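Down below is the structure, laid out as structure tokens.
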Amino acid sequence: MAYLKYQADYLFTGSEILSSNAVLITNEKGIVETITSASEAGDDIKQLQGLLTPGFVNCHCHLELSHMKGMIPEHTGLVDFILHILQLRHSSEADILEAIANAEAAMKANGIVAVGDISNNALTLSQKIKGNLQYHNFIEVSGFSPAIAQVRFDTALAVYQAFNAHFPDSTVMVPHAPYSVSPQLFQLIDGVTSQHISSIHNQETKDENAFFLTGEGLFNKLYQTIGSDIAAFFKPSKQTSLQTVIPQIQSPKKLLLVHDTFTSQADIDFLQQQAQDYVFCLCANANQYIENLLPPINLFRQNNCIIVLGTDSLASNHQLSILSEMQTIAQYFPEIPMVELLNWATINGAKALNMDSKLGSFSAGKQPSIVLIGNIDNNGSITSNSQAKVILPA
């Protein structure tokens with residue numbers, strides 16, 4: 001079998017950035033053989049301009065909402081955004097399936113190799129079976145009224161079983177958010193077997209914490225609009241939303257907390273007292289699209305939290321690109337080293353989705369895909385003009 005050899009201005013291995021002397025060697029299938037020096041690599045080295053990196057991992061996406069691209073105005077705030085989603089998510093199946101296929105193709109072209117995808121229905125299943133990308137399927141359940149807990153669970157269980165038949169090692173049932181899942185529904189979800197990893201939307205807006213601390217805020221508008229009398233069953237816990245619901249998610253060994261825009265030091269201290277592993281998934285472009293805010297990223301860094309990246313959906317983002325997420329974070333947090341951003345985009349994401357045996361780094365034996373980031377600066381960092389190009393598989 002022939003070997004393929006790649007040399008660029010910089011090479012990110014999955015843990016460090018090497019200089020232009022480094023050569024990546026793979027076989028024809030893209031399985032990594034080694035990284036060596038140019039003087040030892042021999043002939044037929046392909047020269048590239050830019051930074052070589054393993055393929056990106058998108059830890060949070062809603063592929064099934066791809067048909068909503070451009071339908072919801074920016075900066076509505078989360079509650080009005082949710083109301084728009086409820087009004088717009090239904091469309092013709094043909095249109096939804098076409099949008100799903102197009103969005104997946106765009107992710108692949110943008111250098112994404114794996115996705116943690118939220119599914120409320122089975123519409124993405126036919127596309128995922130094609131194997132264009134690797135998926136961890138989070139089958140999402142919601143229902144704030146205790147009276148509908150069993151019905152909502154049973155509906156989600158049918159979706160779970162459909163995905164589990166094809167992806168038995170990468171399908172789990174997860175709660176949507178603290179404000180949309182009743183304690184009874186949390187208990188049903190937590191009882192599903194093989195829940196090695198879970199995910200939940202977390203503290204995306206200040207109103208979420210206010211709802212649990214005092215019962216005030218815009219979530220009352222949400223439930224009034226959909227005709228749900230929450231006064232009959234909901235009382236504020238007088239704790240943040242995170243501290244309220246974490247004790248109800250005990251089965252999974254690992255929990256992805258998504259968005260985290262209003263997570264505090266007290267919340268992090270609370271998590272550090274728990275037995276589970278917690279991963280903070282940042283969706284910077286979606287945060288800006290919906291709330292025009294960004295999470296306290298440096299707070300997570302100061303506490304040595306595990307950080308990964310996600311795109312959210314095309315309902316809340318102009319594109320599904322992990323490079324674009326890194327560019328936004330680099331713009332507002334220029335102090336974050338490039339190697340750290342790349343870690344979040346690759347190996348951290350692969351570990352979070354339990355895919356690091358194959359993806360996330362250029363370790364020997366892995367098949368992580370090879371992505372070239374062009375238009376970098378003289379220090380090897382991305383710029384606003386950087387673009388990602390998949391080198392292998394072509």
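Please note that chains go A, B, ... in the order of the structure tokens, that every chain numbers its residues from 1, and that ligands are numbered from 1 in the order shown.
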
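Within 8 Å of region 94-96 of chain A, once only C-alpha atoms are used and residues closer than 5 positions along the same chain are dropped, the contacting residues are Glu64, Leu65, Ser66, His67 and Leu123 of chain A.
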
Let me see the file: selected residues, N, CA and C atoms, as a JSON list (two decimals), in the first residue's frame.
```
[["chain", "number", "residue", "atom", "x", "y", "z"],
["A", 64, "GLU", "N", -32.01, 18.40, 11.89],
["A", 64, "GLU", "CA", -33.41, 18.32, 11.45],
["A", 64, "GLU", "C", -34.05, 19.69, 11.28],
["A", 65, "LEU", "N", -33.40, 20.75, 11.77],
["A", 65, "LEU", "CA", -33.94, 22.11, 11.63],
["A", 65, "LEU", "C", -33.31, 22.87, 10.47],
["A", 66, "SER", "N", -32.60, 22.18, 9.60],
["A", 66, "SER", "CA", -31.84, 22.86, 8.54],
["A", 66, "SER", "C", -32.73, 23.61, 7.56],
["A", 67, "HIS", "N", -33.98, 23.19, 7.42],
["A", 67, "HIS", "CA", -34.89, 23.87, 6.50],
["A", 67, "HIS", "C", -35.31, 25.25, 7.01],
["A", 123, "LEU", "N", -36.34, 12.04, 11.07],
["A", 123, "LEU", "CA", -36.17, 12.54, 9.70],
["A", 123, "LEU", "C", -34.71, 12.56, 9.24]]
```

If we count only C-alpha atoms, what is near Met173 (chain A) at a cut-off of 9 Å, once residues fewer than 4 positions away on the same chain are taken out, given as a VMD selection string? chain A and resid 137 to 141 156 to 157 160 189 to 190 192 195 198 to 199

Using DSSP on the backbone, list every residue of region 31-95 of chain A that comes out as alpha helix (DSSP H), and give them as a list in words.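 Those in region 31-95 of chain A that DSSP calls alpha helix (DSSP H) are Ala38, Ser39, Glu40, Ala41, Leu78, Val79, Asp80, Phe81, Ile82, Leu83, His84, Ile85, Leu86, Gln87, Leu88, Glu93, Ala94 and Asp95 of chain A.
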
Write the residues of the selection above to a file with N, CA and C atoms, as a JSON list (two decimals), in the first residue's frame.
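Generated file (out.json):
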```json
[["chain", "number", "residue", "atom", "x", "y", "z"],
["A", 38, "ALA", "N", 11.05, 16.21, 7.83],
["A", 38, "ALA", "CA", 11.16, 16.23, 6.38],
["A", 38, "ALA", "C", 12.40, 15.48, 5.90],
["A", 39, "SER", "N", 13.45, 15.53, 6.67],
["A", 39, "SER", "CA", 14.69, 14.85, 6.26],
["A", 39, "SER", "C", 14.56, 13.34, 6.31],
["A", 40, "GLU", "N", 13.59, 12.83, 7.07],
["A", 40, "GLU", "CA", 13.42, 11.38, 7.20],
["A", 40, "GLU", "C", 12.21, 10.85, 6.44],
["A", 41, "ALA", "N", 11.44, 11.76, 5.84],
["A", 41, "ALA", "CA", 10.18, 11.35, 5.21],
["A", 41, "ALA", "C", 10.36, 10.79, 3.81],
["A", 78, "LEU", "N", -34.14, 34.14, 23.59],
["A", 78, "LEU", "CA", -34.40, 32.70, 23.50],
["A", 78, "LEU", "C", -35.88, 32.36, 23.49],
["A", 79, "VAL", "N", -36.68, 32.99, 24.33],
["A", 79, "VAL", "CA", -38.09, 32.61, 24.41],
["A", 79, "VAL", "C", -38.80, 32.86, 23.08],
["A", 80, "ASP", "N", -38.61, 34.02, 22.49],
["A", 80, "ASP", "CA", -39.24, 34.27, 21.19],
["A", 80, "ASP", "C", -38.65, 33.36, 20.11],
["A", 81, "PHE", "N", -37.37, 33.04, 20.23],
["A", 81, "PHE", "CA", -36.77, 32.10, 19.28],
["A", 81, "PHE", "C", -37.46, 30.74, 19.38],
["A", 82, "ILE", "N", -37.70, 30.26, 20.59],
["A", 82, "ILE", "CA", -38.38, 28.97, 20.77],
["A", 82, "ILE", "C", -39.79, 29.02, 20.17],
["A", 83, "LEU", "N", -40.49, 30.13, 20.37],
["A", 83, "LEU", "CA", -41.84, 30.25, 19.81],
["A", 83, "LEU", "C", -41.81, 30.22, 18.28],
["A", 84, "HIS", "N", -40.78, 30.83, 17.70],
["A", 84, "HIS", "CA", -40.61, 30.74, 16.24],
["A", 84, "HIS", "C", -40.37, 29.30, 15.81],
["A", 85, "ILE", "N", -39.54, 28.58, 16.55],
["A", 85, "ILE", "CA", -39.26, 27.18, 16.22],
["A", 85, "ILE", "C", -40.55, 26.36, 16.24],
["A", 86, "LEU", "N", -41.35, 26.55, 17.26],
["A", 86, "LEU", "CA", -42.60, 25.80, 17.37],
["A", 86, "LEU", "C", -43.53, 26.09, 16.20],
["A", 87, "GLN", "N", -43.48, 27.31, 15.69],
["A", 87, "GLN", "CA", -44.35, 27.69, 14.58],
["A", 87, "GLN", "C", -43.83, 27.21, 13.22],
["A", 88, "LEU", "N", -42.49, 27.11, 13.09],
["A", 88, "LEU", "CA", -41.88, 26.91, 11.77],
["A", 88, "LEU", "C", -41.32, 25.51, 11.52],
["A", 93, "GLU", "N", -42.00, 17.10, 4.04],
["A", 93, "GLU", "CA", -40.90, 16.17, 4.31],
["A", 93, "GLU", "C", -39.83, 16.25, 3.25],
["A", 94, "ALA", "N", -40.23, 16.44, 1.99],
["A", 94, "ALA", "CA", -39.25, 16.54, 0.90],
["A", 94, "ALA", "C", -38.32, 17.72, 1.11],
["A", 95, "ASP", "N", -38.88, 18.87, 1.52],
["A", 95, "ASP", "CA", -38.05, 20.06, 1.76],
["A", 95, "ASP", "C", -37.11, 19.84, 2.93]]
```

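Rounded to one decimal, CA of Ala210 (chain A) and CA of Ile226 (chain A) lie 19.8 Å from each other.
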
Give me the residues near Leu256 (chain A) as a PyMOL selection string, where near means some atom within 9 Å (using only C-alpha atoms) and where sequence neighbours in that chain fewer than 2 positions away do not count. chain A and resi 59+197-201+254+258+277-281+352

Near Lys351 (chain A), within 12 Å and counting only C-alpha atoms, which residues show up once chain neighbours fewer than 5 positions away are dropped, as a VMD selection string? chain A and resid 14 57 to 59 114 116 136 197 254 256 277 to 279 306 to 308 343 to 346 356 to 361

Could you dump the residues just selected with C-alpha atoms as a tab-separated table (two decimals), in the first residue's frame?
```
chain	number	residue	atom	x	y	z
A	14	GLY	CA	-4.21	16.92	18.30
A	57	VAL	CA	-15.97	17.53	15.71
A	58	ASN	CA	-19.29	19.38	15.97
A	59	CYS	CA	-20.60	18.41	19.40
A	114	ALA	CA	-18.34	13.89	13.41
A	116	GLY	CA	-23.37	15.22	18.15
A	136	HIS	CA	-23.72	10.51	18.04
A	197	ILE	CA	-23.42	10.13	27.79
A	254	LYS	CA	-20.75	12.17	31.12
A	256	LEU	CA	-22.60	17.81	27.77
A	277	ASP	CA	-17.78	14.24	34.06
A	278	TYR	CA	-19.04	17.56	32.69
A	279	VAL	CA	-18.24	19.04	29.29
A	306	ILE	CA	-13.38	20.59	29.45
A	307	ILE	CA	-14.54	22.68	26.48
A	308	VAL	CA	-15.85	21.56	23.10
A	343	ASN	CA	-8.01	21.16	20.97
A	344	TRP	CA	-11.63	22.14	21.57
A	345	ALA	CA	-12.46	21.62	17.89
A	346	THR	CA	-10.82	18.20	17.53
A	356	ASP	CA	-11.34	9.45	20.16
A	357	SER	CA	-10.20	5.92	19.29
A	358	LYS	CA	-10.51	6.93	15.61
A	359	LEU	CA	-10.82	10.72	15.47
A	360	GLY	CA	-9.43	13.91	16.94
A	361	SER	CA	-5.68	13.55	16.52
```

I'd like to know which residues of region 195-336 of chain A are strand (DSSP E or B) (by DSSP, run on the backbone); could you write them as JSON, numbers by chain? {"A": [197, 198, 199, 200, 201, 202, 254, 255, 256, 257, 258, 259, 277, 278, 279, 280, 281, 282, 306, 307, 308, 309, 312]}

Using only C-alpha atoms, find the one residue out of A:Ser264, A:Gln184, A:Ser381, A:Gln248 that sits nearest to Glu335 (chain A).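 Comparing A:Ser264, A:Gln184, A:Ser381, A:Gln248 against Glu335 (chain A), the winner is A:Ser381.
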
Determine, counting only C-alpha atoms, which protein, DNA and RNA residues have an atom within 10 Å of an atom of His196 (chain A); residues of the same chain fewer than 4 positions away are not included. Present the result as a PyMOL selection string. chain A and resi 169-172+251-255+353-354

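Distance check against Leu188 (chain A) using only C-alpha atoms: of A:Asn287, A:Thr13, A:Asn317, A:Ser142, the minimum falls on A:Ser142.
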